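Visitor: This is the structure I want to talk about, given as C-alpha cells.
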Amino acid sequence: MPWFPDFVSAVELARKQTRAAGRADPVGQYFAALNSGDTHVLETVWPGEVVVYDPRAGEVRGHRQLRHFVSTNQHWLTEQHARIETVASTYSGGRAVVELLAHLGPDGRELAWPVAVVAEAPDDLSVVFRTYCSQWPVDGRRHLRPPVLGPGQVHPGDVVGRYQAALEAGDAEAVVSTFGTDGYYREPIGPHATHRGTAELRSFFAGSFSAGGGIDLQNCAVTDDGVRCALEYNCVRWGSHDLPPQAGLGVFERGPDGLLAAARVYDDIEPPAALP
C-alpha cells in the first residue's frame, strides 16, 4: 500500500535543499493546504506538478488524483492501526530519502513493514514522490514493479561501488568483505530477515548466488550525504536468469571504518525458482 503521511518528512528534507539554493519554498504551504482540504488553496500554492509513483496505486498525477490517493490511504492505515518509526533520512541536491518502519496491527497481530520514500523537487513549484517497498509482508505475494526511472550515468564509489561490483560478479566473499564486523543486510520483507556479522552474511549471499551467478542492477539515481548512499535501481538479472526490469532502492550506510555498517533493501523482486 502507499505510504503518504510521512511524505511530509521527506519533503521537509528536500525543502531545505531548495531553500539553500535560494528558490521558493511552497512545500510547507502545500501541506497546510492539504490538511485543510481547501481545493482552491491547493491549486494556488502548488501550480506545478504533484506526482506520486506508488507500488500499488501506480502513477498518481495532479491534485484531484492526489486527494483520492490520500483519502484511500488514510482509511486503510486507520484500519491497520498503523504507527510509524523513522529509521533514517538521507538528502542531497534537492532529493530526500526517508526510510520508515510501519508497524501494522490488524486483528491484534503486529508486523513491521519497511518502506522508503524518495521526494524530489524538480523545480520551485513541483514535487515528485517515489515509494519503494515489498508488499510481501502485507499480502504474502511478490508484485512485479516496472521501472520508475530509466538507467542513469551514476556510479557510486568507495565501498558502495565495491559492494555493487561483488554483487554483480556473484562473489560472496567479496560482498562480505565490504561489511564491517557487525554490519548487517536487511531484506525487503522485514527486520526478521536481517543477516548480521560475517557468518550470517556469507551464508545469505552464498545462497543468493546459487542460481548461477550474481545480481545485475541498473543504476538510476544516487542520493549520497557521505554517510548513507541511497541507490534507486532496476534489477535486470539474477544469476543466469534475465528478469524483466524491476524497480527498487537500496540504502548503504557507512561505518567509521569506511565499511558498510548496514544495507537495507526495498524491492519486491521474486528470487529465481532455482534458489534453495
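Labels used: A, B, ... for chains in the order of the C-alpha cells, numbers from 1 for residues in each chain, and numbers from 1 for ligands as shown.
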Do a neighbour search on A:Val175 at 12 Å with only C-alpha atoms, toss out local chain neighbours closer than 5 positions, and write the hits as an MDAnalysis selection string.

Guide: chainID A and resid 159:170 180 183:185 198 201:206 208:209 214:215 259:260 263

Visitor: How would the residues just chosen look if you wrote them out with N, CA, C and O atoms as a CSV table (one decimal), in the first residue's frame?

Guide:
```
chain,number,residue,atom,x,y,z
A,159,VAL,N,33.1,2.1,-0.9
A,159,VAL,CA,32.7,0.8,-0.5
A,159,VAL,C,31.4,0.4,-1.2
A,159,VAL,O,31.1,-0.8,-1.4
A,160,VAL,N,30.5,1.3,-1.5
A,160,VAL,CA,29.3,1.0,-2.2
A,160,VAL,C,29.5,0.5,-3.6
A,160,VAL,O,28.9,-0.5,-4.0
A,161,GLY,N,30.5,1.1,-4.3
A,161,GLY,CA,30.8,0.6,-5.6
A,161,GLY,C,31.4,-0.8,-5.6
A,161,GLY,O,31.2,-1.6,-6.4
A,162,ARG,N,32.3,-1.0,-4.5
A,162,ARG,CA,32.8,-2.4,-4.4
A,162,ARG,C,31.8,-3.4,-4.1
A,162,ARG,O,31.8,-4.5,-4.6
A,163,TYR,N,30.8,-3.0,-3.3
A,163,TYR,CA,29.7,-3.9,-3.0
A,163,TYR,C,28.9,-4.3,-4.3
A,163,TYR,O,28.6,-5.4,-4.6
A,164,GLN,N,28.6,-3.2,-5.1
A,164,GLN,CA,27.9,-3.5,-6.3
A,164,GLN,C,28.6,-4.4,-7.3
A,164,GLN,O,28.1,-5.3,-7.9
A,165,ALA,N,29.9,-4.2,-7.4
A,165,ALA,CA,30.8,-5.0,-8.3
A,165,ALA,C,30.8,-6.4,-7.8
A,165,ALA,O,30.7,-7.4,-8.7
A,166,ALA,N,30.9,-6.7,-6.5
A,166,ALA,CA,30.9,-8.0,-6.0
A,166,ALA,C,29.5,-8.7,-6.1
A,166,ALA,O,29.4,-9.9,-6.4
A,167,LEU,N,28.5,-7.9,-6.0
A,167,LEU,CA,27.1,-8.4,-6.2
A,167,LEU,C,26.9,-8.9,-7.6
A,167,LEU,O,26.4,-10.0,-7.8
A,168,GLU,N,27.3,-8.1,-8.5
A,168,GLU,CA,27.1,-8.4,-10.0
A,168,GLU,C,28.0,-9.6,-10.3
A,168,GLU,O,27.5,-10.5,-11.1
A,169,ALA,N,29.2,-9.7,-9.7
A,169,ALA,CA,30.0,-10.9,-10.0
A,169,ALA,C,29.6,-12.1,-9.3
A,169,ALA,O,30.1,-13.2,-9.7
A,170,GLY,N,28.7,-12.0,-8.4
A,170,GLY,CA,28.3,-13.2,-7.6
A,170,GLY,C,29.4,-13.8,-6.7
A,170,GLY,O,29.4,-15.0,-6.4
A,180,GLY,N,31.4,-4.1,7.7
A,180,GLY,CA,32.2,-4.1,8.9
A,180,GLY,C,31.9,-5.4,9.8
A,180,GLY,O,31.0,-6.2,9.4
A,183,GLY,N,28.4,-5.5,10.7
A,183,GLY,CA,27.5,-5.0,9.7
A,183,GLY,C,26.3,-5.9,9.4
A,183,GLY,O,26.4,-7.1,9.6
A,184,TYR,N,25.3,-5.4,8.8
A,184,TYR,CA,24.1,-6.2,8.5
A,184,TYR,C,23.5,-5.9,7.2
A,184,TYR,O,23.6,-4.8,6.7
A,185,TYR,N,22.8,-6.9,6.7
A,185,TYR,CA,22.0,-6.7,5.4
A,185,TYR,C,20.5,-7.1,5.8
A,185,TYR,O,20.2,-8.1,6.4
A,198,THR,N,29.8,-11.7,9.9
A,198,THR,CA,30.4,-12.4,8.8
A,198,THR,C,29.8,-13.7,8.4
A,198,THR,O,29.5,-14.0,7.2
A,201,LEU,N,26.2,-13.2,6.9
A,201,LEU,CA,26.2,-12.6,5.6
A,201,LEU,C,26.8,-13.6,4.6
A,201,LEU,O,26.2,-13.7,3.5
A,202,ARG,N,27.8,-14.3,4.9
A,202,ARG,CA,28.4,-15.3,4.0
A,202,ARG,C,27.3,-16.3,3.6
A,202,ARG,O,27.2,-16.7,2.4
A,203,SER,N,26.6,-16.8,4.5
A,203,SER,CA,25.6,-17.8,4.3
A,203,SER,C,24.5,-17.3,3.4
A,203,SER,O,24.0,-17.9,2.4
A,204,PHE,N,24.1,-16.0,3.7
A,204,PHE,CA,23.0,-15.4,2.9
A,204,PHE,C,23.4,-15.2,1.5
A,204,PHE,O,22.7,-15.6,0.5
A,205,PHE,N,24.5,-14.6,1.2
A,205,PHE,CA,24.9,-14.2,-0.1
A,205,PHE,C,25.3,-15.5,-0.9
A,205,PHE,O,25.1,-15.5,-2.1
A,206,ALA,N,25.9,-16.5,-0.3
A,206,ALA,CA,26.2,-17.7,-1.0
A,206,ALA,C,24.9,-18.3,-1.5
A,206,ALA,O,24.9,-18.8,-2.6
A,208,SER,N,22.1,-16.7,-2.1
A,208,SER,CA,21.6,-15.8,-3.1
A,208,SER,C,22.3,-16.0,-4.5
A,208,SER,O,21.6,-15.7,-5.5
A,209,PHE,N,23.5,-16.4,-4.5
A,209,PHE,CA,24.2,-16.5,-5.8
A,209,PHE,C,24.2,-18.0,-6.3
A,209,PHE,O,24.9,-18.3,-7.2
A,214,GLY,N,25.7,-13.7,-10.1
A,214,GLY,CA,25.3,-12.6,-9.3
A,214,GLY,C,24.0,-11.9,-9.7
A,214,GLY,O,23.2,-12.4,-10.4
A,215,ILE,N,23.9,-10.7,-9.2
A,215,ILE,CA,22.7,-9.9,-9.4
A,215,ILE,C,23.1,-8.6,-10.1
A,215,ILE,O,23.9,-7.9,-9.6
A,259,LEU,N,33.7,0.8,6.0
A,259,LEU,CA,33.0,-0.3,5.5
A,259,LEU,C,31.5,-0.2,5.8
A,259,LEU,O,31.0,0.8,6.5
A,260,LEU,N,30.7,-1.1,5.2
A,260,LEU,CA,29.2,-1.0,5.4
A,260,LEU,C,28.8,-1.4,6.8
A,260,LEU,O,29.1,-2.5,7.2
A,263,ALA,N,23.1,-2.4,5.1
A,263,ALA,CA,22.5,-2.4,3.8
A,263,ALA,C,21.0,-2.7,3.9
A,263,ALA,O,20.7,-3.8,4.4
```

Visitor: Give me, as a list in words, all polymer residues having an atom no more than 6 Å from stretch 131-137 of chain A, counting only C-alpha atoms and skipping those fewer than 6 positions away in the same chain.

Guide: Asp54, Val115, Ala116, Val117, Pro188, Ile189, Tyr266, Asp267 and Asp268 of chain A

Visitor: Using DSSP on the backbone coordinates, identify the residues of stretch 157-267 of chain A assigned to helix (DSSP H, G or I); present them as number ranges by chain.

Guide: A: 158-169, 172-176, 191-193, 197-208

Visitor: Expressed in Å to a single decimal, how great is the separation between atom CA of A:Arg109 and atom CA of A:Gly140?

Guide: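 Atom CA of A:Arg109 sits 15.0 Å away from atom CA of A:Gly140.
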
Visitor: For each of A:Val98, A:Ala262, A:Ile269, A:Val51, take the minimum atom-to-atom distance to A:Glu85, counting only C-alpha atoms, then give the residue where this is smallest.

Guide: A:Val98

Visitor: Need to verify the contact set: stretch 226-234 of chain A, 6 Å, only C-alpha atoms, exclusion of same-chain residues closer than 4 positions in sequence. Can you return it as a list in words?

Guide: Leu217, Gln218, Asn219, Cys220, Ala221, Val222, Pro245, Gln246, Ala247, Gly248, Leu249, Gly250, Val251, Phe252, Glu253 and Arg254 of chain A

Visitor: If you run DSSP on this backbone, which residues of stretch 85-257 of chain A come out as strand (DSSP E), and could you give them as a PyMOL selection string?

Guide: chain A and resi 85-92+95-104+111-123+126-133+179-186+194-196+215-224+228-238+241-254

Visitor: Which one is closest to A:Leu149: A:Cys235, A:Leu104, A:Ala88, A:Leu125? Count only C-alpha atoms.

Guide: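 So, comparing all the options, the nearest one is A:Cys235.
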
Visitor: Smallest atom-to-atom distance to A:Pro244: which of A:Leu144, A:Gly258, A:Ala199, A:Phe179, using only C-alpha atoms?

Guide: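 Ranked by minimum distance to A:Pro244, first place goes to A:Leu144.
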
Visitor: Considering only C-alpha atoms, return as a PDB file with C-alpha atoms, in the first residue's frame whatever protein or nucleic-acid residues lie within 12 Å of A:His241, sequence-local ones (same chain, fewer than 6 positions apart) excluded.

Guide:
```pdb
ATOM      1  CA  PHE A 209      24.248 -16.548  -5.751  1.00  0.00           C
ATOM      2  CA  SER A 210      23.342 -20.229  -6.077  1.00  0.00           C
ATOM      3  CA  ALA A 211      21.149 -19.607  -9.141  1.00  0.00           C
ATOM      4  CA  GLY A 212      24.108 -19.334 -11.491  1.00  0.00           C
ATOM      5  CA  GLY A 213      25.804 -16.072 -10.577  1.00  0.00           C
ATOM      6  CA  GLY A 214      25.333 -12.568  -9.281  1.00  0.00           C
ATOM      7  CA  ILE A 215      22.655  -9.891  -9.379  1.00  0.00           C
ATOM      8  CA  ASP A 216      22.773  -7.165 -12.029  1.00  0.00           C
ATOM      9  CA  CYS A 235      17.156  -5.229 -11.340  1.00  0.00           C
ATOM     10  CA  GLU A 270      10.941 -12.624  -6.955  1.00  0.00           C
ATOM     11  CA  PRO A 271      14.032 -14.822  -6.463  1.00  0.00           C
ATOM     12  CA  PRO A 272      14.638 -17.402  -9.213  1.00  0.00           C
ATOM     13  CA  ALA A 273      12.984 -20.754  -8.590  1.00  0.00           C
ATOM     14  CA  ALA A 274      16.448 -22.347  -8.673  1.00  0.00           C
ATOM     15  CA  LEU A 275      17.316 -20.809  -5.311  1.00  0.00           C
TER      16      LEU A 275
END
```

Visitor: Measuring atom to atom with only C-alpha atoms, identify which of A:Gly152, A:Pro191, A:Gly48, A:Gly197 is nearest to A:Gly62.

Guide: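 Of the candidates, the smallest distance to A:Gly62 is held by A:Gly48.
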
Visitor: Would you compute the distance between atom CA of A:Ala119 and atom CA of A:Asp225? Give it in Å to one decimal.

Guide: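 Result for atom CA of A:Ala119 versus atom CA of A:Asp225: 14.9 Å, one decimal.
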
Visitor: What is the distance between atom CA of A:Pro55 and atom CA of A:Pro156, in Å to one decimal?

Guide: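 It comes out at 25.2 Å.
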